[in-house]
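Student: Hey, dropping input_7.tsv in here, TSV, C-alpha atoms:
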chain	number	residue	atom	x	y	z
A	1	MET	CA	44.48	-10.71	-11.08
A	2	TRP	CA	45.85	-8.47	-8.35
A	3	TYR	CA	42.42	-6.95	-8.05
A	4	ILE	CA	40.81	-10.31	-7.30
A	5	ALA	CA	43.61	-11.34	-4.94
A	6	ALA	CA	43.30	-8.11	-2.97
A	7	MET	CA	39.54	-8.56	-2.77
A	8	ALA	CA	39.80	-12.16	-1.56
A	9	LEU	CA	42.37	-11.20	1.08
A	10	SER	CA	40.35	-8.22	2.26
A	11	ILE	CA	37.25	-10.37	2.77
A	12	GLY	CA	39.04	-12.82	5.04
A	13	PHE	CA	41.12	-10.31	6.96
A	14	GLY	CA	38.36	-7.74	7.22
A	15	LEU	CA	35.83	-10.18	8.63
A	16	SER	CA	38.30	-11.72	11.06
A	17	LEU	CA	39.34	-8.27	12.26
A	18	ALA	CA	35.69	-7.28	12.75
A	19	ALA	CA	34.98	-10.53	14.60
A	20	LEU	CA	38.02	-9.98	16.83
A	21	ALA	CA	37.03	-6.43	17.72
A	22	GLY	CA	33.39	-7.34	18.17
A	23	ALA	CA	34.21	-10.28	20.41
A	24	PHE	CA	36.49	-8.08	22.51
A	25	GLY	CA	33.81	-5.43	22.93
A	26	GLN	CA	31.10	-7.97	23.71
A	27	SER	CA	33.31	-9.76	26.23
A	28	ARG	CA	33.93	-6.50	28.07
A	29	ALA	CA	30.22	-5.69	28.10
A	30	VAL	CA	29.21	-9.14	29.32
A	31	SER	CA	31.90	-9.33	32.01
A	32	SER	CA	30.90	-5.96	33.44
A	33	ALA	CA	27.22	-6.94	33.34
A	34	LEU	CA	27.96	-10.22	35.12
A	35	GLU	CA	29.92	-8.37	37.79
A	36	GLY	CA	27.00	-6.03	38.29
A	37	MET	CA	24.56	-8.94	38.47
A	38	ALA	CA	26.72	-10.78	41.00
A	39	ARG	CA	26.88	-7.70	43.19
A	40	GLN	CA	23.20	-6.84	42.85
A	41	PRO	CA	21.17	-9.94	42.01
A	42	GLU	CA	17.93	-8.01	42.48
A	43	ALA	CA	18.82	-5.73	39.55
A	44	ALA	CA	19.69	-8.68	37.29
A	45	GLY	CA	16.68	-8.18	35.01
A	46	GLN	CA	17.39	-4.54	34.26
A	47	ILE	CA	21.10	-5.18	33.79
A	48	GLN	CA	20.33	-8.03	31.42
A	49	THR	CA	18.03	-5.86	29.30
A	50	ALA	CA	20.61	-3.10	29.03
A	51	MET	CA	23.32	-5.67	28.28
A	52	ILE	CA	21.35	-7.25	25.44
A	53	ILE	CA	20.71	-3.82	23.90
A	54	GLY	CA	24.43	-3.04	24.08
A	55	LEU	CA	25.35	-6.41	22.63
A	56	ALA	CA	22.93	-5.82	19.76
A	57	PHE	CA	24.58	-2.50	18.96
A	58	ILE	CA	28.08	-4.01	19.07
A	59	GLU	CA	27.05	-6.99	17.02
A	60	SER	CA	25.41	-4.92	14.33
A	61	LEU	CA	28.80	-3.39	13.49
A	62	VAL	CA	30.22	-6.86	12.88
A	63	ILE	CA	27.15	-7.68	10.82
A	64	TYR	CA	27.82	-4.66	8.60
A	65	VAL	CA	31.22	-6.16	7.78
A	66	LEU	CA	29.59	-9.53	7.15
A	67	VAL	CA	27.18	-7.96	4.67
A	68	ILE	CA	30.06	-6.21	2.90
A	69	ALA	CA	32.00	-9.48	2.86
A	70	PHE	CA	29.10	-11.21	1.17
A	71	LEU	CA	28.79	-8.37	-1.32
A	72	LEU	CA	32.49	-8.67	-2.20
A	73	ASN	CA	32.28	-12.45	-2.19
A	74	GLY	CA	29.75	-12.30	-4.98
A	75	LYS	CA	32.21	-10.36	-7.13
A	76	ILE	CA	34.95	-13.01	-7.00
A	77	PRO	CA	34.71	-15.28	-10.06
A	78	ALA	CA	34.66	-19.05	-9.68
A	79	VAL	CA	37.93	-20.98	-9.56
A	80	ASP	CA	37.28	-22.58	-12.96
A	81	THR	CA	36.87	-19.17	-14.58
A	82	ILE	CA	40.13	-17.92	-13.11
A	83	ALA	CA	41.94	-21.10	-14.15
A	84	ALA	CA	40.63	-20.76	-17.70
A	85	VAL	CA	41.76	-17.12	-17.87
A	86	MET	CA	45.21	-18.05	-16.59
A	87	GLU	CA	45.45	-20.89	-19.11
A	88	LYS	CA	44.71	-18.43	-21.88
A	89	ALA	CA	47.26	-15.95	-20.56
A	90	HIS	CA	50.12	-18.45	-20.65
B	1	MET	CA	24.38	-13.04	-4.13
B	2	SER	CA	24.96	-15.56	-1.43
B	3	LEU	CA	24.82	-19.30	-1.22
B	4	GLU	CA	21.33	-20.58	-0.67
B	5	LEU	CA	19.51	-23.81	-1.20
B	6	PRO	CA	16.64	-23.91	-3.69
B	7	GLY	CA	13.27	-23.55	-2.01
B	8	TRP	CA	10.15	-25.42	-2.91
B	9	LEU	CA	9.00	-22.58	-5.17
B	10	ALA	CA	12.13	-22.94	-7.29
B	11	VAL	CA	11.60	-26.69	-7.45
B	12	ALA	CA	7.94	-26.24	-8.37
B	13	GLU	CA	8.97	-23.86	-11.11
B	14	GLU	CA	11.39	-26.45	-12.47
B	15	VAL	CA	8.61	-29.02	-12.55
B	16	PHE	CA	5.81	-26.83	-13.88
B	17	ILE	CA	7.77	-24.50	-16.13
B	18	GLY	CA	5.76	-21.43	-16.96
B	19	TYR	CA	2.87	-22.54	-14.84
B	20	PHE	CA	3.47	-19.91	-12.15
B	21	GLY	CA	4.62	-17.28	-14.59
B	22	PRO	CA	8.19	-16.36	-15.36
B	23	SER	CA	10.81	-16.54	-12.55
B	24	TYR	CA	8.30	-16.59	-9.77
B	25	HIS	CA	10.85	-17.87	-7.26
B	26	GLU	CA	12.64	-14.53	-7.30
B	27	SER	CA	9.82	-13.16	-5.18
B	28	GLU	CA	10.17	-16.14	-2.86
B	29	ALA	CA	10.86	-13.92	0.16
B	30	VAL	CA	7.69	-11.89	-0.34
B	31	PHE	CA	5.68	-15.04	-0.91
B	32	HIS	CA	6.96	-16.65	2.28
B	33	ALA	CA	6.46	-13.41	4.22
B	34	ALA	CA	2.84	-13.48	3.11
B	35	LEU	CA	2.58	-17.17	3.93
B	36	VAL	CA	3.48	-16.50	7.57
B	37	ILE	CA	0.45	-14.23	8.07
B	38	PRO	CA	-2.25	-16.91	7.53
B	39	LEU	CA	-0.25	-19.29	9.71
B	40	LEU	CA	-0.22	-16.80	12.59
B	41	LEU	CA	-3.90	-16.04	12.00
B	42	LEU	CA	-4.65	-19.76	12.15
B	43	PHE	CA	-2.78	-20.01	15.44
B	44	VAL	CA	-4.69	-17.09	16.90
B	45	PHE	CA	-8.01	-18.48	15.64
B	46	LEU	CA	-7.38	-21.96	17.02
B	47	SER	CA	-6.21	-20.65	20.38
B	48	THR	CA	-9.17	-18.30	20.91
B	49	ARG	CA	-11.91	-20.47	19.40
B	50	ARG	CA	-13.27	-21.91	22.62
B	51	LEU	CA	-12.28	-19.62	25.46
B	52	GLU	CA	-12.41	-21.25	28.86
B	53	LYS	CA	-12.05	-19.98	32.38
B	54	ILE	CA	-9.31	-22.51	33.09
B	55	PRO	CA	-7.19	-22.46	29.95
B	56	THR	CA	-5.82	-25.64	28.47
B	57	GLY	CA	-3.58	-26.45	25.55
B	58	LEU	CA	-3.23	-23.76	22.92
B	59	GLN	CA	-5.20	-21.16	24.87
B	60	ASN	CA	-2.78	-21.60	27.75
B	61	PHE	CA	0.17	-21.01	25.45
B	62	ALA	CA	-1.45	-17.97	23.85
B	63	GLU	CA	-2.23	-16.46	27.25
B	64	LEU	CA	1.38	-17.03	28.31
B	65	LEU	CA	2.58	-15.25	25.15
B	66	VAL	CA	0.26	-12.28	25.64
B	67	GLU	CA	1.21	-11.98	29.30
B	68	LEU	CA	4.95	-12.09	28.58
B	69	LEU	CA	4.64	-9.58	25.76
B	70	SER	CA	2.52	-7.17	27.77
B	71	LYS	CA	5.06	-7.33	30.60
B	72	PHE	CA	7.79	-6.70	28.01
B	73	CYS	CA	5.95	-3.61	26.70
B	74	THR	CA	5.10	-2.08	30.06
B	75	SER	CA	8.60	-2.60	31.42
B	76	LEU	CA	10.26	-0.99	28.40
B	77	ILE	CA	7.83	1.74	27.29
B	78	GLY	CA	6.29	2.69	30.61
B	79	PRO	CA	2.76	2.73	32.00
B	80	HIS	CA	1.26	3.61	28.61
B	81	GLY	CA	3.11	0.66	27.06
B	82	LEU	CA	0.02	-1.54	26.79
B	83	ALA	CA	-1.21	0.67	23.94
B	84	PHE	CA	1.73	-0.57	21.89
B	85	LEU	CA	1.26	-4.24	22.69
B	86	PRO	CA	-0.42	-5.01	19.32
B	87	LEU	CA	2.44	-3.39	17.38
B	88	ILE	CA	5.36	-4.77	19.37
B	89	GLY	CA	3.82	-8.19	19.90
B	90	ALA	CA	2.95	-8.54	16.23
B	91	LEU	CA	6.46	-7.50	15.25
B	92	PHE	CA	7.99	-10.07	17.61
B	93	LEU	CA	5.76	-12.99	16.62
B	94	TYR	CA	5.96	-12.18	12.91
B	95	ILE	CA	9.74	-11.84	12.86
B	96	PHE	CA	10.27	-14.90	15.02
B	97	THR	CA	8.06	-17.04	12.78
B	98	MET	CA	9.78	-15.72	9.67
B	99	ASN	CA	13.22	-16.43	11.14
B	100	MET	CA	12.23	-19.98	12.02
B	101	PHE	CA	10.77	-20.57	8.56
B	102	GLY	CA	14.24	-21.06	7.12
B	103	LEU	CA	14.82	-24.13	9.27
B	104	ILE	CA	12.03	-26.08	7.55
B	105	PRO	CA	13.57	-27.94	4.61
B	106	GLY	CA	12.53	-26.38	1.32
B	107	PHE	CA	11.45	-23.12	2.89
B	108	LYS	CA	13.30	-19.87	3.12
B	109	SER	CA	13.52	-17.23	5.83
B	110	PRO	CA	11.88	-14.12	4.35
B	111	THR	CA	14.08	-12.08	6.70
B	112	SER	CA	17.18	-13.26	4.84
B	113	ASN	CA	16.10	-10.81	2.14
B	114	VAL	CA	17.01	-7.19	2.70
B	115	ASN	CA	13.73	-5.89	1.26
B	116	VAL	CA	11.61	-7.63	3.88
B	117	THR	CA	13.71	-6.42	6.81
B	118	CYS	CA	13.76	-2.91	5.36
B	119	SER	CA	9.97	-2.80	5.23
B	120	LEU	CA	9.80	-4.04	8.82
B	121	ALA	CA	12.24	-1.35	9.93
B	122	LEU	CA	10.23	1.30	8.10
B	123	VAL	CA	7.13	0.26	10.04
B	124	THR	CA	9.02	0.96	13.25
B	125	PHE	CA	10.40	4.23	11.87
B	126	VAL	CA	7.01	5.57	10.83
B	127	ALA	CA	5.32	4.36	14.02
B	128	THR	CA	7.95	6.02	16.20
B	129	HIS	CA	7.48	9.47	14.68
B	130	TYR	CA	3.72	9.14	14.27
B	131	TYR	CA	3.28	8.33	17.95
B	132	GLY	CA	5.88	10.92	18.88
B	133	PHE	CA	3.82	13.67	17.31
B	134	ARG	CA	0.59	12.17	18.60
B	135	TYR	CA	1.74	12.00	22.22
B	136	GLN	CA	3.69	15.25	22.40
B	137	GLY	CA	2.26	17.40	19.63
B	138	MET	CA	4.63	19.91	18.14
B	139	GLY	CA	6.73	19.69	21.29
B	140	TYR	CA	8.15	16.52	19.81
B	141	LEU	CA	10.31	18.71	17.58
B	142	LYS	CA	12.07	19.96	20.71
B	143	HIS	CA	13.63	16.50	20.96
B	144	PHE	CA	15.52	17.21	17.79
B	145	ALA	CA	16.69	20.64	18.89
B	146	GLY	CA	18.62	19.40	21.89
B	147	GLU	CA	18.95	20.81	25.39
B	148	PRO	CA	20.66	24.25	25.08
B	149	LEU	CA	18.41	25.84	22.50
B	150	TRP	CA	21.14	27.97	20.98
B	151	LEU	CA	22.94	24.80	19.88
B	152	ALA	CA	19.89	23.73	17.82
B	153	PRO	CA	21.38	24.57	14.40
B	154	LEU	CA	24.24	22.19	15.20
B	155	MET	CA	22.21	19.48	16.93
B	156	PHE	CA	19.29	19.36	14.49
B	157	PRO	CA	21.20	17.80	11.56
B	158	ILE	CA	22.98	15.40	13.92
B	159	HIS	CA	19.68	14.20	15.36
B	160	ILE	CA	18.14	13.86	11.90
B	161	VAL	CA	21.03	11.69	10.76
B	162	GLY	CA	20.72	9.68	13.98
B	163	GLU	CA	17.04	9.11	13.34
B	164	LEU	CA	17.72	8.01	9.78
B	165	ALA	CA	20.45	5.63	10.91
B	166	ARG	CA	18.00	3.69	13.09
B	167	PRO	CA	16.00	1.96	10.34
B	168	LEU	CA	19.26	1.29	8.52
B	169	SER	CA	20.79	-0.46	11.51
B	170	LEU	CA	17.54	-2.35	12.25
B	171	THR	CA	17.42	-3.51	8.63
B	172	LEU	CA	21.02	-4.60	8.36
B	173	ARG	CA	21.15	-6.26	11.78
B	174	LEU	CA	18.20	-8.55	11.15
B	175	TYR	CA	19.11	-9.19	7.53
B	176	GLY	CA	22.79	-9.89	8.20
B	177	ASN	CA	22.14	-12.20	11.12
B	178	ILE	CA	19.48	-14.31	9.45
B	179	MET	CA	21.19	-14.36	6.05
B	180	GLY	CA	24.53	-15.28	7.62
B	181	GLU	CA	22.92	-18.00	9.69
B	182	ASP	CA	21.08	-19.49	6.70
B	183	THR	CA	24.20	-19.31	4.56
B	184	ALA	CA	26.19	-21.08	7.27
B	185	ILE	CA	23.55	-23.83	7.39
B	186	ALA	CA	23.70	-24.16	3.60
B	187	VAL	CA	27.51	-24.43	3.73
B	188	PHE	CA	27.30	-27.10	6.44
B	189	ILE	CA	24.76	-29.07	4.42
B	190	GLY	CA	27.14	-28.94	1.48
B	191	MET	CA	30.01	-30.15	3.66
B	192	GLY	CA	27.85	-32.95	5.04
B	193	ILE	CA	26.92	-34.09	1.54
B	194	GLY	CA	30.59	-34.09	0.62
B	195	ALA	CA	31.43	-36.23	3.66
B	196	GLY	CA	28.85	-38.86	2.75
B	197	TYR	CA	25.42	-37.45	3.60
B	198	LEU	CA	26.13	-36.73	7.25
B	199	PRO	CA	23.89	-34.23	9.07
B	200	PHE	CA	26.59	-31.66	9.83
B	201	GLN	CA	24.06	-28.84	9.94
B	202	PHE	CA	22.20	-29.95	13.07
B	203	PRO	CA	24.34	-28.08	15.63
B	204	MET	CA	24.14	-25.00	13.44
B	205	MET	CA	20.35	-25.34	13.27
B	206	ALA	CA	20.13	-25.58	17.05
B	207	LEU	CA	22.11	-22.36	17.21
B	208	ALA	CA	19.83	-20.87	14.56
B	209	VAL	CA	16.77	-21.41	16.78
B	210	PHE	CA	18.47	-19.35	19.46
B	211	THR	CA	19.58	-16.67	16.97
B	212	SER	CA	16.06	-16.44	15.55
B	213	PHE	CA	14.62	-15.82	19.00
B	214	VAL	CA	17.30	-13.32	20.02
B	215	GLN	CA	17.06	-11.34	16.78
B	216	ALA	CA	13.27	-11.17	16.96
B	217	MET	CA	13.52	-10.06	20.59
B	218	ILE	CA	16.15	-7.44	19.79
B	219	PHE	CA	14.02	-6.02	16.98
B	220	ALA	CA	11.00	-5.77	19.28
B	221	LEU	CA	13.17	-4.40	22.10
B	222	LEU	CA	14.75	-1.68	20.01
B	223	SER	CA	11.37	-0.77	18.48
B	224	SER	CA	9.84	-0.39	21.91
B	225	ILE	CA	12.80	1.64	23.13
B	226	TYR	CA	12.56	3.99	20.14
B	227	ILE	CA	8.82	4.36	20.73
B	228	SER	CA	9.41	4.90	24.43
B	229	GLY	CA	11.93	7.64	23.67
B	230	ALA	CA	9.44	9.35	21.36
B	231	THR	CA	6.30	9.04	23.48
B	232	THR	CA	7.48	9.54	27.05
B	233	VAL	CA	6.60	13.10	27.98
B	234	HIS	CA	9.19	14.88	30.12
B	235	GLU	CA	7.13	17.69	31.60
B	236	HIS	CA	10.03	18.86	33.81
B	237	HIS	CA	12.32	19.12	30.84
B	238	ALA	CA	13.66	22.60	31.48
B	239	ALA	CA	12.81	22.91	35.18
B	240	HIS	CA	15.27	20.32	36.45
B	241	GLY	CA	17.78	20.88	33.71
B	242	GLU	CA	18.10	17.13	33.38
B	243	GLU	CA	19.60	15.79	30.18
B	244	HIS	CA	16.80	13.64	28.85
B	245	GLY	CA	17.99	12.98	25.37
B	246	HIS	CA	16.62	10.36	23.09
B	247	GLY	CA	18.17	7.71	20.93
B	248	ALA	CA	21.19	6.30	22.76
B	249	HIS	CA	20.04	8.09	25.92
B	250	GLY	CA	16.63	6.51	25.58
B	251	ALA	CA	18.28	3.10	25.72
B	252	ALA	CA	20.04	4.01	28.96
B	253	GLN	CA	16.95	5.44	30.63
B	254	ALA	CA	14.51	2.77	29.51
B	255	PRO	CA	15.19	0.28	32.34
B	256	ALA	CA	14.37	3.04	34.82
B	257	HIS	CA	10.70	2.56	33.92
B	258	ALA	CA	10.79	-1.09	34.90
Could you rewrite the structure in this file as structure tokens?
Tutor:
Amino acid sequence: MWYIAAMALSIGFGLSLAALAGAFGQSRAVSSALEGMARQPEAAGQIQTAMIIGLAFIESLVIYVLVIAFLLNGKIPAVDTIAAVMEKAH
Amino acid sequence: MSLELPGWLAVAEEVFIGYFGPSYHESEAVFHAALVIPLLLLFVFLSTRRLEKIPTGLQNFAELLVELLSKFCTSLIGPHGLAFLPLIGALFLYIFTMNMFGLIPGFKSPTSNVNVTCSLALVTFVATHYYGFRYQGMGYLKHFAGEPLWLAPLMFPIHIVGELARPLSLTLRLYGNIMGEDTAIAVFIGMGIGAGYLPFQFPMMALAVFTSFVQAMIFALLSSIYISGATTVHEHHAAHGEEHGHGAHGAAQAPAHA
């Protein structure tokens, strides 16, 4: 039971932590890119390309956690199964 | 593994049990990936059937696509980028169509299956190194050795691992994004059914159109950057002592070609 509880908690906390860190990194990247674009509008296209590449790299790290979360999510049994096991245990 | 709605193949198998052979819907992703190819071929055929000097309708749209994609290639890969237009353009159109396939009710995005995205990433991986050797000959191996040659024993394994990480990250990025998006849509549909058949999934689907486009573009962008890093010849490599790495450095230097 502890095993399943730890897994369920780790999915939620792990994904939220990854989303938090990813959002922080992406916000920094986008704000710097916007500053650069505002200062040099003629270089906006190049800055945008580089920004999207950076965002893709940051986002892929969050996506790794999402994939792992889905993998772990498949291992958690359904609520009915757990309830039946607990009924039997009592 | 994840929540997904039954596609039309699964439904057809329920209706005609055994007609398509056993558990045909497990290869649904491959089937849909193959289904996209005739659709794209049909589009190309219809748009180039009657070529006119002043394009109208589909031909206009196709010319716009080709022009945008060729600009994309030349700005990212360099002056020789037009040679890679068939590869990069096909990757973009194919992935975009596959991503959008999941939004049609009853159909499934083939890219929400890790096998399909892995095969796409392997195409990029093989193409990168094939064209690397073709454009630079054996000098391509110098890329892996790094700048100070005496550090090569240290840098070689690092670069090999870096090269192997690229298809992995391409695979997981596309797969995770599209699978997560489709799963979110499925969850919203379930919520809407629970709330009395309300279309809760529509805002998510609008977002999914954007995600599909961005993910297809990022795949094509990263492929072209990898190819650009492998095929751009730096003839003044040692003379100027400039650090022209590849990989992450290739991403930084790519806009300089624009």
Student: Write out as a compact mmCIF listing (two decimals) with C-alpha atoms, in the coordinates of the input every residue belonging to chain A that has an atom at most 6 Å from any atom of chain B, counting all atoms listed in the file.
Tutor:
# COMPACT_ATOMS: atom_id res chain seq x y z
CA GLN A 46 17.39 -4.54 34.26
CA SER A 60 25.41 -4.92 14.33
CA ILE A 63 27.15 -7.68 10.82
CA VAL A 67 27.18 -7.96 4.67
CA GLY A 74 29.75 -12.30 -4.98
Student: Between atom CA of A:Leu55 and atom CA of A:Ser32, what is the distance in Å, rounded to a tenth?
Tutor: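 Those two atoms sit 12.2 Å apart.
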Student: Please report the interatomic distance between atom CA of A:Ala6 and atom CA of A:Gln26 in Å with one decimal.
Tutor: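 It comes out at 29.3 Å.
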Student: Which neighbours of B:Gln136 fall inside 9 Å, counting only C-alpha atoms, when residues of the same chain fewer than 6 positions from it are skipped, and could you give them as a list in words?
Tutor: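 The residues that qualify are Ala230, Thr231, Thr232 and Val233 of chain B.
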Student: Which one of A:Val30, A:Ile82, A:Ile47, A:Lys88 sits closest to A:Met1 if you count all atoms listed in the file?
Tutor: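 Smallest separation from A:Met1 among the options: A:Ile82.
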Student: Find the spatial neighbours of B:Ile160, counting all atoms listed in the file, within a cut-off of 12 Å - ignore same-chain residues fewer than 2 positions away - and output them as a PDB file with C-alpha atoms, keeping the file's coordinate frame.
Tutor:
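The result, stored in part12.pdb:
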ATOM      1  CA  HIS B 129       7.480   9.470  14.680  1.00  0.00           C
ATOM      2  CA  LEU B 141      10.310  18.710  17.580  1.00  0.00           C
ATOM      3  CA  HIS B 143      13.630  16.500  20.960  1.00  0.00           C
ATOM      4  CA  PHE B 144      15.520  17.210  17.790  1.00  0.00           C
ATOM      5  CA  ALA B 145      16.690  20.640  18.890  1.00  0.00           C
ATOM      6  CA  GLY B 146      18.620  19.400  21.890  1.00  0.00           C
ATOM      7  CA  ALA B 152      19.890  23.730  17.820  1.00  0.00           C
ATOM      8  CA  PRO B 153      21.380  24.570  14.400  1.00  0.00           C
ATOM      9  CA  LEU B 154      24.240  22.190  15.200  1.00  0.00           C
ATOM     10  CA  MET B 155      22.210  19.480  16.930  1.00  0.00           C
ATOM     11  CA  PHE B 156      19.290  19.360  14.490  1.00  0.00           C
ATOM     12  CA  PRO B 157      21.200  17.800  11.560  1.00  0.00           C
ATOM     13  CA  ILE B 158      22.980  15.400  13.920  1.00  0.00           C
ATOM     14  CA  GLY B 162      20.720   9.680  13.980  1.00  0.00           C
ATOM     15  CA  GLU B 163      17.040   9.110  13.340  1.00  0.00           C
ATOM     16  CA  LEU B 164      17.720   8.010   9.780  1.00  0.00           C
ATOM     17  CA  ALA B 165      20.450   5.630  10.910  1.00  0.00           C
ATOM     18  CA  ARG B 166      18.000   3.690  13.090  1.00  0.00           C
ATOM     19  CA  HIS B 246      16.620  10.360  23.090  1.00  0.00           C
ATOM     20  CA  GLY B 247      18.170   7.710  20.930  1.00  0.00           C
TER      21      GLY B 247
END
Student: Kindly indicate which residue among B:Phe31, B:Tyr226, B:Ile77, B:Leu207 lies nearest to B:Met98, using only C-alpha atoms for the distances.
Tutor: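 Looking at the shortest contact to B:Met98, the residue is B:Phe31.
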Student: Write out as a VMD selection string the residues lying within 10 Å of stretch 27-29 of chain B, counting only C-alpha atoms and excluding same-chain residues fewer than 4 positions away.
Tutor: chain B and resid 7 to 10 23 33 to 35 98 107 to 116
Student: Please measure the separation of atom CA of B:Ala62 and atom CA of B:Phe45, giving the value in Å to one decimal.
Tutor: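 For atom CA of B:Ala62 relative to atom CA of B:Phe45, the distance reads 10.5 Å.
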Student: Quick one: residues within 12 Å of stretch 9-11 of chain A, all atoms listed in the file, excluding same-chain residues fewer than 6 positions away - as a list in words?
Tutor: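 The residues that qualify are Trp2, Tyr3, Leu17, Ala18, Val65, Leu66, Val67, Ile68, Ala69, Phe70, Leu71, Leu72, Asn73, Gly74, Lys75 and Ile76 of chain A.
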Student: For B:Met100, list every protein, DNA or RNA residue within 9 Å, evaluated using all atoms listed in the file, and leave out those in the same chain fewer than 3 positions away; present the list as a VMD selection string.
Tutor: chain B and resid 95 to 97 103 to 104 108 to 109 208 to 209 212 to 213
Student: Between A:Ala83, A:Ala89, A:Met51, A:Met7, single out the one closest to A:Ser31, counting all atoms listed in the file.
Tutor: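 Distance minimum relative to A:Ser31 lands on A:Met51.
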Student: Quick one: what's the axis-aligned box for stretch 90-99 of chain B, all listed atoms, 3 Å on every side, centre and edges in Å to one decimal, as JSON?
Tutor:
{"center_x": 8.1, "center_y": -12.3, "center_z": 13.6, "size_x": 16.3, "size_y": 15.5, "size_z": 13.9}
Student: N, CA and C atoms are what I want for stretch 99-116 of chain B; can you complete it accordingly and write them as a CSV table (one decimal), keeping the file's coordinate frame?
Tutor:
chain,number,residue,atom,x,y,z
B,99,ASN,N,11.9,-15.9,11.0
B,99,ASN,CA,13.2,-16.4,11.1
B,99,ASN,C,13.2,-17.9,11.2
B,100,MET,N,12.2,-18.5,11.9
B,100,MET,CA,12.2,-20.0,12.0
B,100,MET,C,11.8,-20.7,10.7
B,101,PHE,N,11.2,-20.0,9.8
B,101,PHE,CA,10.8,-20.6,8.6
B,101,PHE,C,11.9,-21.2,7.8
B,102,GLY,N,13.1,-20.6,7.9
B,102,GLY,CA,14.2,-21.1,7.1
B,102,GLY,C,14.7,-22.4,7.6
B,103,LEU,N,14.3,-22.9,8.8
B,103,LEU,CA,14.8,-24.1,9.3
B,103,LEU,C,14.0,-25.3,8.7
B,104,ILE,N,12.8,-25.0,8.2
B,104,ILE,CA,12.0,-26.1,7.6
B,104,ILE,C,12.6,-26.4,6.2
B,105,PRO,N,13.0,-27.6,5.9
B,105,PRO,CA,13.6,-27.9,4.6
B,105,PRO,C,12.7,-27.5,3.4
B,106,GLY,N,13.3,-26.8,2.5
B,106,GLY,CA,12.5,-26.4,1.3
B,106,GLY,C,12.0,-25.0,1.5
B,107,PHE,N,12.0,-24.5,2.7
B,107,PHE,CA,11.4,-23.1,2.9
B,107,PHE,C,12.6,-22.1,3.1
B,108,LYS,N,12.3,-20.9,3.1
B,108,LYS,CA,13.3,-19.9,3.1
B,108,LYS,C,12.9,-18.8,4.1
B,109,SER,N,13.8,-18.3,4.9
B,109,SER,CA,13.5,-17.2,5.8
B,109,SER,C,13.3,-16.0,5.0
B,110,PRO,N,12.1,-15.4,5.1
B,110,PRO,CA,11.9,-14.1,4.4
B,110,PRO,C,12.8,-13.0,4.8
B,111,THR,N,13.2,-13.1,6.1
B,111,THR,CA,14.1,-12.1,6.7
B,111,THR,C,15.5,-12.2,6.2
B,112,SER,N,15.8,-13.2,5.4
B,112,SER,CA,17.2,-13.3,4.8
B,112,SER,C,17.2,-12.5,3.5
B,113,ASN,N,16.1,-11.7,3.3
B,113,ASN,CA,16.1,-10.8,2.1
B,113,ASN,C,16.0,-9.4,2.7
B,114,VAL,N,16.9,-8.5,2.1
B,114,VAL,CA,17.0,-7.2,2.7
B,114,VAL,C,15.7,-6.4,2.5
B,115,ASN,N,14.9,-6.7,1.5
B,115,ASN,CA,13.7,-5.9,1.3
B,115,ASN,C,12.7,-6.1,2.4
B,116,VAL,N,12.6,-7.3,2.8
B,116,VAL,CA,11.6,-7.6,3.9
B,116,VAL,C,12.0,-6.9,5.2
